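> Below are the structure tokens for one structure; questions will follow.
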Amino acid sequence: MAEPEQLVVEAERQAAAATTLDELSAVRTAMTGKRSPLVVARKALGDMEPDARKQAGQALNAAKASIDEILSAREAELSAAARAEKLAAERLDLTEVTEQPTSGHLHVITQTWQELEDVFVGMGYRVAEGPEIESEWYNFGALNFPLGHPARDMYDTLYVDYGEPGTTLLRTHTSPVQARVMENQEPPIYVVAPGRCFRQDTADATHMPVFHQIEGLVVDRDTTLGDLAGTIEAFTAAYFGPGFTSRLRPSYFPFTEPSAEFDIQRPDGTWLELGGCGMVHPNVFEACGIDPEQWQGFAFGFGIDRLALIRFGIDDLRELWTNDIRFLGQF
Amino acid sequence: MKVLLSWLREFAPDIDGDPEHLAEVLADLGLAVEELSHVGRGLDGIVIAEVLATRPHPDADRIHLVDVDAGDGEALQVCCGAFNMAVGDLVPLATVGTTMPNGIEIARRKMRGEWSNGMLCSGAEIGMGDDHEGILILEQGLSLGVPLAEALGIHPDVLFDLEVNPNRPDAMSVMGVARDLAARLGVPFSVAVPDVDEAGTPAAERASVSIAAPDFCQRFGVRVLDNVPSGASPRWMANRLLAVGQRPINAVVDLSNYVMFELGQPNHTYDLDLVPGGELGVRMAHRGEELFTLDGTARALTTYDGVIVNRDDEAIGLAGVMGGASTEISADTRSVLLEAAWWDPMTIARTARRLGLRSEASARFERGADPEIIPMALDRFAELAATLGSTTSPGMIDANGNRPESITVRVRSPRVNSILGTDLSIGEMTGLLEPIGFACETGGDSQDFNVTIPSWRLDSATEIDVIEEVGRLHGFSKIARTVPVTEQAGALTPQQQDRRRVRELLAGMGISEAMPLPFLAPGDLARAGLGDDGITVTNPLVAEESIMRTSLRPGLLKAVAYNAARRTTGVSLFEIGRVNPGGGGDLPDEGEHLAVILAGQEATAATTLWRRLARHLTVTRTGVVNGPEDGLHPGRSGQVLADGQPVGALGEIDPQVLDAYEIDERVAWLEVDLGALLEADRALAPYQAPSRYPSSDVDLAFTVSDEVSADEVSATIAEAGGELLASVALFDVFRSDQLGEGHRSLAFTLRFEAPDRTLNDAEVAKARQSCIDAVTNSHNASLRG
């Protein structure tokens, strides 16, 4: 029988020679299996003198431990190589994709609309809605535009063939929602009303016969013009960001008094005329069943479309309506 | 409304300072400055020249050659693009080396081979009026070579172009703007009383006025003037009129305009010789009555128009809007009746709008002129006319209709502060109101005070009107800003949140949101297979925008066609928008629809989409019922159910409709009534803990007639499978000759499980057999081996 040390050397040699896990398995059988010299030598120990047996046994155990270690190490090497080979064979170019991404996009008007809603919801407002085909009463009458009033001419109104002539129209502003909310809700009222509006207009870069506005209405016990100015300022900071401020300039709308235009000043000092606002006119309160001696309020409104153009750097309103996927897909 | 700084200073000499600052003050008063310009500047180098000859340019049609004499007797050649001058005309010449007001420097240069030694100027180029077209032709008699500014008496001035709101009748005059500005600046404001020398027969013996429409005409003042000038108005007056955009005509017309701009009172002159007995009357027109107005047009009148009539009750003027041709001033006119009257604003607005005759005068009457300014306006006219040689008959005729009392308003000072958010004392309030003519009367310890509204503020009549004036003069910008605090939690309604979820879901599925115009052209709906047109717009600008939609389909079909025409096929779009099918109530039954268009896809793509949507919204009792729908492929369309009720349709667009919209690909379609869908019963199924025991899968394939929908078979299996059936899913469909015509194979995977045990083979076999029996019995189907 070979010396145990020689068996270790032999195991080392054969393990190194094995190039696959199967070959290594055969080596393991040859070196440590039932008929391996190591096991045979062990069986022979019983015939030896006690002292010699002890010495030879220790030698065999040490050799066995060394051989196991050699085989395990080689097995780890070979399985790592096998795994690496499998992975290498599965290599994939991750840009090798034929399916085109189909990402859907929300319209820029929707995105702007939702952003505006979110700013006001954050300020404690609810969101109200009203019909696009509206009655003359809600669009004008309830808002302190008497019949035949020249101020009605400021709105190039489109009428529809429904009911008595002149009674039904495409709302020219979102302000009728104010009247509807006041009729249906006890104050205090804190609402905004985004919506689609219409006017008799020829489409060009800055005009469309259809456009979108957002209206705000607050009715509470002691609401003041200072509250209105503060609210516009808070909105300006929230929506446009730091460095933007606002101002109110006296103006005229039949449904508010005092009335004002509000402008936004950009950080570079230039102005953006944004919308109209004012304190709810007592006649409007009365038309909607609210006692103007008990309640005070303000309203404001401005266009959504122009804000969308500014936000996304679009220079022509008509682009919003083409539905060209090359336009829609950019935002 | 354009005002010159120098003119404002005639009422308030201490108005001063940086023009930019004054513009900001005006804006803060509610008189937004649309444009601030400096006039009479940059005229150095522009001289008077006479046209000696004009000749065509040999190589150009758009310009010609003009020889002018700039004072040295030499002919100087200039190339000019305007053709309105004649030999002998005096024109402004910008000499070589001049820097024009717009910054352009004039050099000697060749234009198409011909030398141009300067430039002839239009009125607009030198700040004299708005005319860009022609060269400004100057009056005769000016010395050649003299600087234009010197010859015309032009001084540097500042012009404010103001945007005047409908509630500011007072700001339609130089005087009114000066009053506001002086009040804010805290400088004195005064109106000089005109000085009129009277002579001859009293006016009352030469003219009379009778008012038969006293509500329409509250006041009618007349003066009689003789020896009225027939020539041009003085240069200083012409310059001012030009600067504010009014072309000078002749002395009488210019005087009239000048007084109107200055005091806000429109006025009119009649040739006295053409008014029998000097008798004027006012009445409403008769129906169908006709009047030749100054512009030579015959106007058919209505009973809503007011007219001036002569002794014979013949209409000789359209009150407040335009004079009549029959009494027009001419070069022969020696004596005039000068009218200054107050007309009902609404009547004037209606007449001017109906006849398309809006003018500077009607704009002032529409807002409400000042009835108290009438005598002063007549006097101012007479005073200015006297400087041109006119004489004035003693006295004026002052006829009155129904003149309302002046209005006094009780103002509660706490209310003022409560509305404005200010803390002003009564003294501060009256200090703001008095300078603009709102006379205040305070009483002792009272918190209230009385305010008498000035006659020039017809818009103002109630406490809130006065509060607005206090706020305006105080300055909105000085009011402390506060943000009201509400206890209400801001939120979207569930429906508004769901709308957002639908949008996000669809976008997440690769579908982009479109925004087609909501207007349709006549026939658009029919082309989309949707029957008659909906509600029509009665006054559309174009017929293509005259129909309100009843469906989102035409708009999205157009969008797909638009993209296909630009070589993008297979477009997927959706829209959420209002539709108006009509109805019988006070307003149409407006609804909100959701529509999805999937170009290049088959009908079942719409079914898949609908199922995802319904599941996302947890709609219950949903379904698709095969059957023809308007405008959809008759064999590939169906109804959509939510909560068991129809809420829309899906399928593929009818090929005939696709042809009409010039679309070459298959197009899958889904349109639902979003309002109905979101209101339908929506609930999650009751929670069930996932079973901890293994499940068993069974595949079953049936041969089923095409008349039976896969959904129906699936529903039968679901019912028959009972509690043990955890799910059933269609996984394969095929047709073949062996199955026979009108039949196909439907293969389902059934998963069985129990919450409390592992099912044994016998239990699964029994459940499987129940499902097979139910399908074969209910649907005349057979199990495929």
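Letters for chains follow the order of the structure tokens (A, B, ...), residue numbers begin at 1 for each chain, and ligand numbers begin at 1 in the order shown.
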What residues in chain B lie within 6 Å of chain A, counting only C-alpha atoms, written as a PyMOL selection string?
chain B and resi 28+30+165+419-421+468+479-484+488-492+507-508+510-516+536-539+559+563
> Write the residues of the preceding selection, restricted to C-alpha atoms, as a PDB file, in the first residue's frame.

ATOM      1  CA  ASP B  28     -53.209 101.573  -9.784  1.00  0.00           C
ATOM      2  CA  GLY B  30     -57.758 101.306 -12.656  1.00  0.00           C
ATOM      3  CA  ASN B 165     -63.422 100.172 -18.064  1.00  0.00           C
ATOM      4  CA  ILE B 419     -65.108  94.649   2.771  1.00  0.00           C
ATOM      5  CA  LEU B 420     -61.692  96.110   2.046  1.00  0.00           C
ATOM      6  CA  GLY B 421     -59.799  94.657   4.976  1.00  0.00           C
ATOM      7  CA  GLU B 468     -64.973 100.491  -4.353  1.00  0.00           C
ATOM      8  CA  ILE B 479     -54.193  96.805   1.617  1.00  0.00           C
ATOM      9  CA  ALA B 480     -52.621  94.258   3.964  1.00  0.00           C
ATOM     10  CA  ARG B 481     -52.711  90.777   2.504  1.00  0.00           C
ATOM     11  CA  THR B 482     -54.164  87.953   4.550  1.00  0.00           C
ATOM     12  CA  VAL B 483     -55.067  84.400   3.689  1.00  0.00           C
ATOM     13  CA  PRO B 484     -58.446  83.200   4.939  1.00  0.00           C
ATOM     14  CA  GLN B 488     -62.755  72.498   5.483  1.00  0.00           C
ATOM     15  CA  ALA B 489     -60.332  69.846   4.286  1.00  0.00           C
ATOM     16  CA  GLY B 490     -59.544  70.406   0.625  1.00  0.00           C
ATOM     17  CA  ALA B 491     -60.359  67.376  -1.507  1.00  0.00           C
ATOM     18  CA  LEU B 492     -61.475  66.094  -4.845  1.00  0.00           C
ATOM     19  CA  ALA B 507     -51.925  56.501 -20.023  1.00  0.00           C
ATOM     20  CA  GLY B 508     -50.216  53.595 -18.263  1.00  0.00           C
ATOM     21  CA  GLY B 510     -49.806  53.421 -23.590  1.00  0.00           C
ATOM     22  CA  ILE B 511     -52.850  55.403 -24.649  1.00  0.00           C
ATOM     23  CA  SER B 512     -52.425  59.172 -24.999  1.00  0.00           C
ATOM     24  CA  GLU B 513     -55.039  61.737 -24.173  1.00  0.00           C
ATOM     25  CA  ALA B 514     -56.407  63.672 -27.148  1.00  0.00           C
ATOM     26  CA  MET B 515     -58.333  66.947 -27.138  1.00  0.00           C
ATOM     27  CA  PRO B 516     -60.437  67.256 -30.298  1.00  0.00           C
ATOM     28  CA  THR B 536     -76.799  73.419 -33.169  1.00  0.00           C
ATOM     29  CA  VAL B 537     -74.961  76.634 -32.429  1.00  0.00           C
ATOM     30  CA  THR B 538     -77.127  79.474 -33.704  1.00  0.00           C
ATOM     31  CA  ASN B 539     -74.353  81.983 -34.372  1.00  0.00           C
ATOM     32  CA  ALA B 559     -57.496  62.550 -34.864  1.00  0.00           C
ATOM     33  CA  ASN B 563     -52.047  61.108 -37.713  1.00  0.00           C
TER      34      ASN B 563
END
> What lies within 8 Å of Leu750 in chain B using only C-alpha atoms, ignoring chain neighbours under 3 positions off, as a PDB file with N, CA and C atoms, in the first residue's frame?

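Produced file around.pdb, reproduced below:
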ATOM      1  N   ASP B 697     -55.945  21.906 -11.004  1.00  0.00           N
ATOM      2  CA  ASP B 697     -56.369  22.523 -12.261  1.00  0.00           C
ATOM      3  C   ASP B 697     -56.947  21.479 -13.204  1.00  0.00           C
ATOM      4  N   VAL B 698     -57.998  21.851 -13.889  1.00  0.00           N
ATOM      5  CA  VAL B 698     -58.640  20.970 -14.867  1.00  0.00           C
ATOM      6  C   VAL B 698     -58.837  21.760 -16.143  1.00  0.00           C
ATOM      7  N   ASP B 699     -58.421  21.218 -17.287  1.00  0.00           N
ATOM      8  CA  ASP B 699     -58.694  21.880 -18.572  1.00  0.00           C
ATOM      9  C   ASP B 699     -59.864  21.216 -19.255  1.00  0.00           C
ATOM     10  N   LEU B 700     -60.794  22.022 -19.773  1.00  0.00           N
ATOM     11  CA  LEU B 700     -61.956  21.477 -20.482  1.00  0.00           C
ATOM     12  C   LEU B 700     -62.097  22.206 -21.811  1.00  0.00           C
ATOM     13  N   LEU B 725     -64.968  26.005  -7.102  1.00  0.00           N
ATOM     14  CA  LEU B 725     -64.325  26.574  -8.286  1.00  0.00           C
ATOM     15  C   LEU B 725     -63.725  27.923  -7.914  1.00  0.00           C
ATOM     16  N   ALA B 726     -62.392  27.998  -7.925  1.00  0.00           N
ATOM     17  CA  ALA B 726     -61.731  29.257  -7.558  1.00  0.00           C
ATOM     18  C   ALA B 726     -61.654  30.197  -8.744  1.00  0.00           C
ATOM     19  N   SER B 727     -61.443  29.686  -9.945  1.00  0.00           N
ATOM     20  CA  SER B 727     -61.385  30.560 -11.121  1.00  0.00           C
ATOM     21  C   SER B 727     -61.627  29.768 -12.385  1.00  0.00           C
ATOM     22  N   VAL B 728     -62.083  30.458 -13.402  1.00  0.00           N
ATOM     23  CA  VAL B 728     -62.227  29.849 -14.714  1.00  0.00           C
ATOM     24  C   VAL B 728     -61.712  30.867 -15.739  1.00  0.00           C
ATOM     25  N   ALA B 729     -60.886  30.401 -16.675  1.00  0.00           N
ATOM     26  CA  ALA B 729     -60.301  31.320 -17.652  1.00  0.00           C
ATOM     27  C   ALA B 729     -60.236  30.676 -19.023  1.00  0.00           C
TER      28      ALA B 729
END
> Contacts of Pro214 in chain B at 8 Å or less, counting only C-alpha atoms, minus same-chain residues fewer than 5 places along, as JSON, numbers by chain?
{"B": [400, 401, 402]}
> Just the selected residues (all heavy atoms), exported as a compact mmCIF listing (two decimals), in the first residue's frame, please.

# COMPACT_ATOMS: atom_id res chain seq x y z
N ASN B 400 -85.26 120.18 -20.57
CA ASN B 400 -85.09 119.04 -19.69
C ASN B 400 -86.16 117.99 -19.90
O ASN B 400 -87.33 118.30 -20.05
CB ASN B 400 -85.10 119.49 -18.24
CG ASN B 400 -83.79 120.17 -17.87
OD1 ASN B 400 -82.80 119.50 -17.63
ND2 ASN B 400 -83.77 121.50 -17.92
N GLY B 401 -85.68 116.74 -19.88
CA GLY B 401 -86.61 115.61 -19.84
C GLY B 401 -86.75 115.20 -18.37
O GLY B 401 -86.76 116.06 -17.49
N ASN B 402 -86.83 113.90 -18.14
CA ASN B 402 -86.96 113.43 -16.76
C ASN B 402 -85.58 113.30 -16.16
O ASN B 402 -84.91 112.28 -16.34
CB ASN B 402 -87.67 112.07 -16.73
CG ASN B 402 -89.10 112.20 -17.23
OD1 ASN B 402 -89.70 113.28 -17.11
ND2 ASN B 402 -89.63 111.13 -17.79
> Measuring atom to atom with only C-alpha atoms, identify which of A:Leu38, A:Val177, A:Ala17, A:Val219 is nearest to Asp68 in chain A.
A:Leu38
> Determine which residues of range 31-261 of chain A receive a DSSP assignment of strand (DSSP E or B), computed from the backbone, and state them as a ChimeraX atom specification.
/A:126-127,133-135,158-160,168-170,189-198,204,207,210-220,245-253,256-261
> Need the shell around Arg152 in chain A: protein/DNA/RNA residues with any atom at most 9 Å away, counting only C-alpha atoms. Skip same-chain ones fewer than 6 positions apart. Format as a list in words?
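Residues near the query, excluding close chain neighbours: Phe140, Phe145 and Pro146 of chain A.
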> Keeping C-alpha atoms for every residue in the selection just given, could you write it to a file as a compact mmCIF listing (two decimals), in the first residue's frame?

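Here's the written file result.txt:
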# COMPACT_ATOMS: atom_id res chain seq x y z
CA PHE A 140 -75.32 86.42 -17.08
CA PHE A 145 -75.61 91.38 -16.00
CA PRO A 146 -79.12 92.75 -16.57
> Within 10 Å of Arg499 in chain B, counting only C-alpha atoms, which residues show up once you throw out same-chain ones fewer than 4 positions away? Write them as a ChimeraX atom specification, please.
/B:493-495,503-505,576,594,674-675,678
> Can I get the selected residues back with all heavy atoms, as a tab-separated table (two decimals), in the first residue's frame?

chain	number	residue	atom	x	y	z
B	493	THR	N	-63.73	65.27	-5.17
B	493	THR	CA	-64.83	64.33	-4.93
B	493	THR	C	-64.39	62.95	-5.40
B	493	THR	O	-63.46	62.83	-6.21
B	493	THR	CB	-66.08	64.73	-5.71
B	493	THR	OG1	-65.78	64.66	-7.11
B	493	THR	CG2	-66.52	66.15	-5.36
B	494	PRO	N	-65.06	61.89	-4.92
B	494	PRO	CA	-64.71	60.54	-5.40
B	494	PRO	C	-64.75	60.46	-6.92
B	494	PRO	O	-63.89	59.83	-7.55
B	494	PRO	CB	-65.77	59.65	-4.77
B	494	PRO	CG	-66.18	60.38	-3.53
B	494	PRO	CD	-66.08	61.85	-3.87
B	495	GLN	N	-65.73	61.11	-7.52
B	495	GLN	CA	-65.84	61.05	-8.97
B	495	GLN	C	-64.65	61.74	-9.64
B	495	GLN	O	-64.11	61.25	-10.64
B	495	GLN	CB	-67.14	61.72	-9.42
B	495	GLN	CG	-67.43	61.48	-10.89
B	495	GLN	CD	-68.84	61.88	-11.25
B	495	GLN	OE1	-69.45	62.71	-10.59
B	495	GLN	NE2	-69.37	61.29	-12.30
B	503	ARG	N	-57.70	58.23	-16.19
B	503	ARG	CA	-56.69	58.82	-17.07
B	503	ARG	C	-55.32	58.16	-16.87
B	503	ARG	O	-54.62	57.83	-17.82
B	503	ARG	CB	-56.56	60.32	-16.79
B	503	ARG	CG	-57.67	61.16	-17.38
B	503	ARG	CD	-57.30	62.65	-17.29
B	503	ARG	NE	-58.05	63.43	-18.25
B	503	ARG	CZ	-59.16	64.14	-17.94
B	503	ARG	NH1	-59.61	64.16	-16.71
B	503	ARG	NH2	-59.79	64.83	-18.87
B	504	GLU	N	-54.97	57.97	-15.60
B	504	GLU	CA	-53.65	57.39	-15.31
B	504	GLU	C	-53.59	55.94	-15.81
B	504	GLU	O	-52.57	55.52	-16.35
B	504	GLU	CB	-53.37	57.43	-13.80
B	504	GLU	CG	-53.19	58.83	-13.23
B	504	GLU	CD	-51.95	59.54	-13.76
B	504	GLU	OE1	-51.07	58.87	-14.33
B	504	GLU	OE2	-51.86	60.78	-13.60
B	505	LEU	N	-54.68	55.20	-15.64
B	505	LEU	CA	-54.71	53.82	-16.10
B	505	LEU	C	-54.49	53.75	-17.61
B	505	LEU	O	-53.67	52.99	-18.10
B	505	LEU	CB	-56.05	53.17	-15.74
B	505	LEU	CG	-56.24	51.76	-16.33
B	505	LEU	CD1	-55.41	50.75	-15.56
B	505	LEU	CD2	-57.70	51.35	-16.33
B	576	ILE	N	-61.76	62.18	-22.47
B	576	ILE	CA	-62.87	62.30	-21.53
B	576	ILE	C	-63.48	63.67	-21.80
B	576	ILE	O	-62.79	64.68	-21.72
B	576	ILE	CB	-62.38	62.20	-20.07
B	576	ILE	CG1	-61.90	60.78	-19.78
B	576	ILE	CG2	-63.50	62.60	-19.10
B	576	ILE	CD1	-61.32	60.59	-18.40
B	594	LEU	N	-66.32	58.71	-21.85
B	594	LEU	CA	-64.93	58.29	-22.03
B	594	LEU	C	-64.90	57.49	-23.33
B	594	LEU	O	-65.74	56.60	-23.51
B	594	LEU	CB	-64.48	57.39	-20.87
B	594	LEU	CG	-63.25	56.51	-21.17
B	594	LEU	CD1	-62.01	57.36	-21.34
B	594	LEU	CD2	-63.04	55.48	-20.07
B	674	LEU	N	-69.27	57.91	-18.89
B	674	LEU	CA	-68.41	57.85	-17.71
B	674	LEU	C	-69.19	58.17	-16.43
B	674	LEU	O	-68.96	57.56	-15.39
B	674	LEU	CB	-67.22	58.81	-17.87
B	674	LEU	CG	-66.15	58.72	-16.79
B	674	LEU	CD1	-65.52	57.33	-16.74
B	674	LEU	CD2	-65.08	59.78	-17.01
B	675	GLY	N	-70.13	59.11	-16.56
B	675	GLY	CA	-70.94	59.45	-15.39
B	675	GLY	C	-71.71	58.24	-14.90
B	675	GLY	O	-71.70	57.91	-13.70
B	678	LEU	N	-69.35	55.59	-13.36
B	678	LEU	CA	-68.83	55.88	-12.01
B	678	LEU	C	-69.94	55.84	-10.96
B	678	LEU	O	-69.67	55.64	-9.78
B	678	LEU	CB	-68.12	57.23	-11.99
B	678	LEU	CG	-66.88	57.32	-12.89
B	678	LEU	CD1	-66.26	58.70	-12.81
B	678	LEU	CD2	-65.86	56.25	-12.53
> Between CA of Phe302 in chain A and CA of Asp589 in chain B, what distance in Å does the model show, to one decimal?
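Distance between the two atoms: 27.3 Å.
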> To one decimal place, how far is CA of Phe11 in chain B from CA of Ala369 in chain B in Å?
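Distance between the two atoms: 19.1 Å.
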